[in-house]
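Trainee: My questions all concern the structure below.
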Amino acid sequence: MGHGDRTALVTGGARGIGLEIGRQLADRGLRVLVGARKLEAAEEACRAIGPAALPLALDVTSATSVGEAVQKARELTGGIDVLVNNAGVSLDGELRPPYLDEGILRATLDTNLTGAWRMAEAVVPGMVEAGYGRVVNVTSSYGSLALMDSGRHPAYRMSKAALNALTRMLAAELAGTGVLVNAADPGWTRSGMGGSSAPRGPAEGADTPVWLATLPQGDETTGGLFADRMPLPW
């Protein structure tokens, strides 16, 4: 089965890195389901990507929304072969430990960690049944314990460290099933979150997630953290 027979679902797919991931996956021949909280935003992104893209109203912080979106996706395409957990927030501002804003922490974890977990729970069993799947969690080097050298963006960093742990656990649980699970750091990329002064454009930021999303049949790369297609320390 070639990429043209595969379907990818990209969360947070209406802008920035998510939009570019969808565009690059479509260029590789995949059908792309663009997930966004507002259906109108997903529809606009699909017009930018082209006829291979289909819009989905999807709020990863809502189990009901996730369930409805995945059911709709299956009705539209028959199944989901690739999941890119790209939806994310960064809400810390200038907050640093030991000071804690519990509301910011909860909101950050709900999107960046639990949202990705909700999506995996909804999508991965179908991948296992099909004997093929690619799960890519869009993370950050800020979540690497080995590289953590300051308290900047604490809730964001903790959420990405936890997402990295989820990546490792899910990869271990799915070993031998044909479902590969990896984490990708796109780098500091110009986007709504990264800002306009970031050194990378969305195309460069999307490259590693797209590479992991399209690992060929028979590849056994799983449970890794990658930036610029190279391993990063956890």
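Ligands are numbered from 1 in the order shown, chains are lettered A, B, ... in the order of the structure tokens, and residues start at 1 in each chain.
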With only C-alpha atoms as the counted atoms, please give the residues lying no more than 10 Å from Leu232 in chain A, apart from itself and same-chain residues fewer than 3 positions off, as a compact mmCIF listing (two decimals) with all heavy atoms, in the first residue's frame.

Mentor:
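Once everything was written out, this is result28.txt:
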```txt
# COMPACT_ATOMS: atom_id res chain seq x y z
N SER A 141 12.43 20.45 22.32
CA SER A 141 13.64 20.18 23.09
C SER A 141 13.50 20.76 24.50
O SER A 141 14.22 20.35 25.42
CB SER A 141 14.86 20.78 22.39
OG SER A 141 14.74 22.19 22.27
N SER A 144 13.07 18.07 26.98
CA SER A 144 14.16 17.11 27.22
C SER A 144 14.77 17.35 28.59
O SER A 144 15.27 18.44 28.88
CB SER A 144 15.24 17.26 26.14
OG SER A 144 16.42 16.58 26.51
N ALA A 146 17.47 16.08 29.70
CA ALA A 146 18.91 16.22 29.55
C ALA A 146 19.31 17.64 29.16
O ALA A 146 20.41 18.10 29.50
CB ALA A 146 19.42 15.22 28.51
N LEU A 147 18.42 18.34 28.44
CA LEU A 147 18.75 19.68 27.95
C LEU A 147 18.12 20.79 28.79
O LEU A 147 18.30 21.97 28.49
CB LEU A 147 18.27 19.82 26.50
CG LEU A 147 18.85 18.82 25.50
CD1 LEU A 147 18.24 19.03 24.13
CD2 LEU A 147 20.38 18.92 25.44
N ALA A 183 8.45 11.05 18.70
CA ALA A 183 8.27 12.45 19.02
C ALA A 183 9.19 13.29 18.14
O ALA A 183 10.33 12.90 17.87
CB ALA A 183 8.58 12.71 20.49
N ALA A 184 8.68 14.44 17.70
CA ALA A 184 9.44 15.31 16.80
C ALA A 184 9.51 16.72 17.37
O ALA A 184 8.48 17.30 17.74
CB ALA A 184 8.79 15.35 15.42
N ASP A 185 10.73 17.26 17.44
CA ASP A 185 10.92 18.66 17.81
C ASP A 185 11.09 19.46 16.52
O ASP A 185 12.08 19.29 15.82
CB ASP A 185 12.18 18.78 18.68
CG ASP A 185 12.57 20.24 18.91
OD1 ASP A 185 11.70 21.12 18.81
OD2 ASP A 185 13.76 20.50 19.19
N GLY A 224 11.39 7.13 19.71
CA GLY A 224 12.50 8.07 19.64
C GLY A 224 12.04 9.52 19.68
O GLY A 224 10.89 9.85 19.40
N LEU A 225 12.98 10.39 20.02
CA LEU A 225 12.81 11.84 19.98
C LEU A 225 13.79 12.39 18.94
O LEU A 225 14.99 12.15 19.05
CB LEU A 225 13.09 12.44 21.36
CG LEU A 225 13.24 13.97 21.46
CD1 LEU A 225 11.96 14.67 21.01
CD2 LEU A 225 13.60 14.37 22.89
N PHE A 226 13.27 13.13 17.97
CA PHE A 226 14.08 13.55 16.84
C PHE A 226 13.94 15.04 16.56
O PHE A 226 12.86 15.61 16.71
CB PHE A 226 13.68 12.77 15.57
CG PHE A 226 13.92 11.30 15.65
CD1 PHE A 226 12.92 10.45 16.13
CD2 PHE A 226 15.13 10.75 15.28
CE1 PHE A 226 13.13 9.10 16.22
CE2 PHE A 226 15.35 9.38 15.36
CZ PHE A 226 14.35 8.55 15.84
N ALA A 227 15.04 15.65 16.13
CA ALA A 227 15.06 17.01 15.60
C ALA A 227 15.94 17.00 14.37
O ALA A 227 17.02 16.40 14.38
CB ALA A 227 15.61 17.99 16.64
N ASP A 228 15.49 17.62 13.31
CA ASP A 228 16.22 17.59 12.04
C ASP A 228 16.59 16.17 11.65
O ASP A 228 17.68 15.89 11.17
CB ASP A 228 17.47 18.47 12.11
CG ASP A 228 17.12 19.94 12.28
OD1 ASP A 228 16.09 20.38 11.72
OD2 ASP A 228 17.86 20.65 12.99
N ARG A 229 15.65 15.25 11.90
CA ARG A 229 15.78 13.82 11.59
C ARG A 229 16.90 13.13 12.35
O ARG A 229 17.29 12.00 12.02
CB ARG A 229 15.96 13.61 10.07
CG ARG A 229 14.86 14.22 9.22
CD ARG A 229 14.90 13.70 7.81
NE ARG A 229 13.88 14.34 6.97
CZ ARG A 229 13.52 13.91 5.76
NH1 ARG A 229 14.13 12.83 5.26
NH2 ARG A 229 12.60 14.53 5.06
```

Trainee: Could you build a table of the residues in range 131-174 of chain A lying no more than 8 Å from range 100-113 of chain A, giving for each the nearest pair of atoms and their separation in Å rounded to one decimal place, using only C-alpha atoms, ordered by chain and ascending residue number, as a tab-separated table?

Mentor:
```
residue	atom	partner	partner_atom	distance
A:Ala155	CA	A:Leu105	CA	5.2
A:Tyr156	CA	A:Thr108	CA	6.4
A:Ser159	CA	A:Leu109	CA	5.3
A:Lys160	CA	A:Asn112	CA	6.9
A:Ala162	CA	A:Leu113	CA	6.6
A:Leu163	CA	A:Leu113	CA	5.3
```

Trainee: Would you kindly return, as an NGL selection string, each protein, DNA or RNA residue with an atom no farther than 8 Å from any atom of range 29-42 of chain A, considering only C-alpha atoms and excluding same-chain residues fewer than 2 positions away?

Mentor: :A and (3-14 or 19 or 22 or 25-27 or 44-46 or 52-59 or 73)

Trainee: Which residue, A:Gly88, A:Thr167, A:Val138, A:Gly131, has the smallest gap to Gly187 in chain A when you use only C-alpha atoms?

Mentor: A:Val138

Trainee: Enumerate, as a PyMOL selection string, the complete set of residues in range 10-231 of chain A that a backbone-based DSSP assignment places in helix (DSSP H, G or I).

Mentor: chain A and resi 16-27+39-49+63-77+102-130+141-143+154-173+202-213

Trainee: What does the distance from CA of Gly18 in chain A to CA of Gly176 in chain A come to in Å, to one decimal?

Mentor: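 Interatomic distance here is 28.6 Å.
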
Trainee: DSSP on the backbone, strand (DSSP E or B) only: what residues of range 12-225 of chain A does that give? Format it as a PDB file with C-alpha atoms, in the first residue's frame.

Mentor:
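Once written, selection.pdb looks like this:
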```pdb
ATOM      1  CA  ARG A  31      -5.373  12.102   2.345  1.00  0.00           C
ATOM      2  CA  VAL A  32      -5.218  14.683   5.128  1.00  0.00           C
ATOM      3  CA  LEU A  33      -7.834  15.309   7.786  1.00  0.00           C
ATOM      4  CA  VAL A  34      -7.291  18.804   9.160  1.00  0.00           C
ATOM      5  CA  GLY A  35      -8.422  19.057  12.775  1.00  0.00           C
ATOM      6  CA  ALA A  36      -9.185  22.458  14.293  1.00  0.00           C
ATOM      7  CA  ALA A  53      -7.592  17.666   2.535  1.00  0.00           C
ATOM      8  CA  LEU A  54     -10.823  17.294   4.489  1.00  0.00           C
ATOM      9  CA  PRO A  55     -11.871  19.467   7.472  1.00  0.00           C
ATOM     10  CA  LEU A  56     -12.728  18.211  10.955  1.00  0.00           C
ATOM     11  CA  ALA A  57     -14.067  20.136  13.928  1.00  0.00           C
ATOM     12  CA  VAL A  82      -1.288   8.387  10.596  1.00  0.00           C
ATOM     13  CA  LEU A  83      -1.895  10.569  13.663  1.00  0.00           C
ATOM     14  CA  VAL A  84       0.075  13.775  14.124  1.00  0.00           C
ATOM     15  CA  ASN A  85      -0.552  15.230  17.582  1.00  0.00           C
ATOM     16  CA  GLY A 133       0.139   3.051  12.016  1.00  0.00           C
ATOM     17  CA  ARG A 134       2.323   6.077  12.537  1.00  0.00           C
ATOM     18  CA  VAL A 135       1.885   8.305  15.590  1.00  0.00           C
ATOM     19  CA  VAL A 136       3.928  11.503  15.745  1.00  0.00           C
ATOM     20  CA  ASN A 137       3.831  13.659  18.870  1.00  0.00           C
ATOM     21  CA  VAL A 138       5.031  17.184  18.128  1.00  0.00           C
ATOM     22  CA  VAL A 179       2.405   0.926  14.794  1.00  0.00           C
ATOM     23  CA  LEU A 180       5.396   3.247  15.251  1.00  0.00           C
ATOM     24  CA  VAL A 181       5.313   6.055  17.821  1.00  0.00           C
ATOM     25  CA  ASN A 182       7.855   8.874  17.834  1.00  0.00           C
ATOM     26  CA  ALA A 183       8.272  12.454  19.023  1.00  0.00           C
ATOM     27  CA  ALA A 184       9.441  15.313  16.796  1.00  0.00           C
ATOM     28  CA  ASP A 185      10.924  18.657  17.810  1.00  0.00           C
ATOM     29  CA  THR A 189       9.545  28.001  14.060  1.00  0.00           C
ATOM     30  CA  SER A 191       4.017  30.452  13.913  1.00  0.00           C
ATOM     31  CA  GLY A 195       6.251  34.234  16.940  1.00  0.00           C
ATOM     32  CA  ARG A 200      12.785  28.697  10.954  1.00  0.00           C
ATOM     33  CA  LEU A 225      12.811  11.843  19.979  1.00  0.00           C
TER      34      LEU A 225
END
```

Trainee: Taking only C-alpha atoms into account, which of A:Gly205, A:Val128, A:Thr221, A:Pro154 comes nearest Glu173 in chain A?

Mentor: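 Nearest to Glu173 in chain A: A:Val128.
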
Trainee: Using only C-alpha atoms, can you tell me which of A:Glu129, A:Ala213, A:Asn164, A:Ser140 comes closest to Gly178 in chain A?

Mentor: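 Checking each of A:Glu129, A:Ala213, A:Asn164, A:Ser140 against Gly178 in chain A, counting only C-alpha atoms, the winner is A:Glu129.
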
Trainee: Just to confirm, what's the straight-line distance from CA of Ala161 in chain A to CA of Tyr142 in chain A in Å (one decimal)?

Mentor: 7.8 Å

Trainee: How many Å separate CA of Leu76 in chain A from CA of Glu121 in chain A?

Mentor: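 Separating CA of Leu76 in chain A from CA of Glu121 in chain A is a distance of 19.5 Å.
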
Trainee: Restricting the calculation to only C-alpha atoms: of A:Thr114, A:Asn86, A:Thr214, A:Thr177, which residue gets closest to Ile17 in chain A?

Mentor: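 Between A:Thr114, A:Asn86, A:Thr214, A:Thr177, the residue approaching Ile17 in chain A most closely is A:Asn86.
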
Trainee: With only C-alpha atoms as the counted atoms, please give the residues lying no more than 9 Å from His153 in chain A, apart from itself and same-chain residues fewer than 3 positions off, as a ChimeraX atom specification.

Mentor: /A:90-96,142,150,156-158

Trainee: Go through A:Arg23, A:Arg118, A:Arg152, A:Arg15 one by one, measure the shortest atom-to-atom distance of each to Gly50 in chain A using only C-alpha atoms, and give the residue with the smallest value.

Mentor: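 The shortest atom-to-atom distance to Gly50 in chain A comes from A:Arg23.
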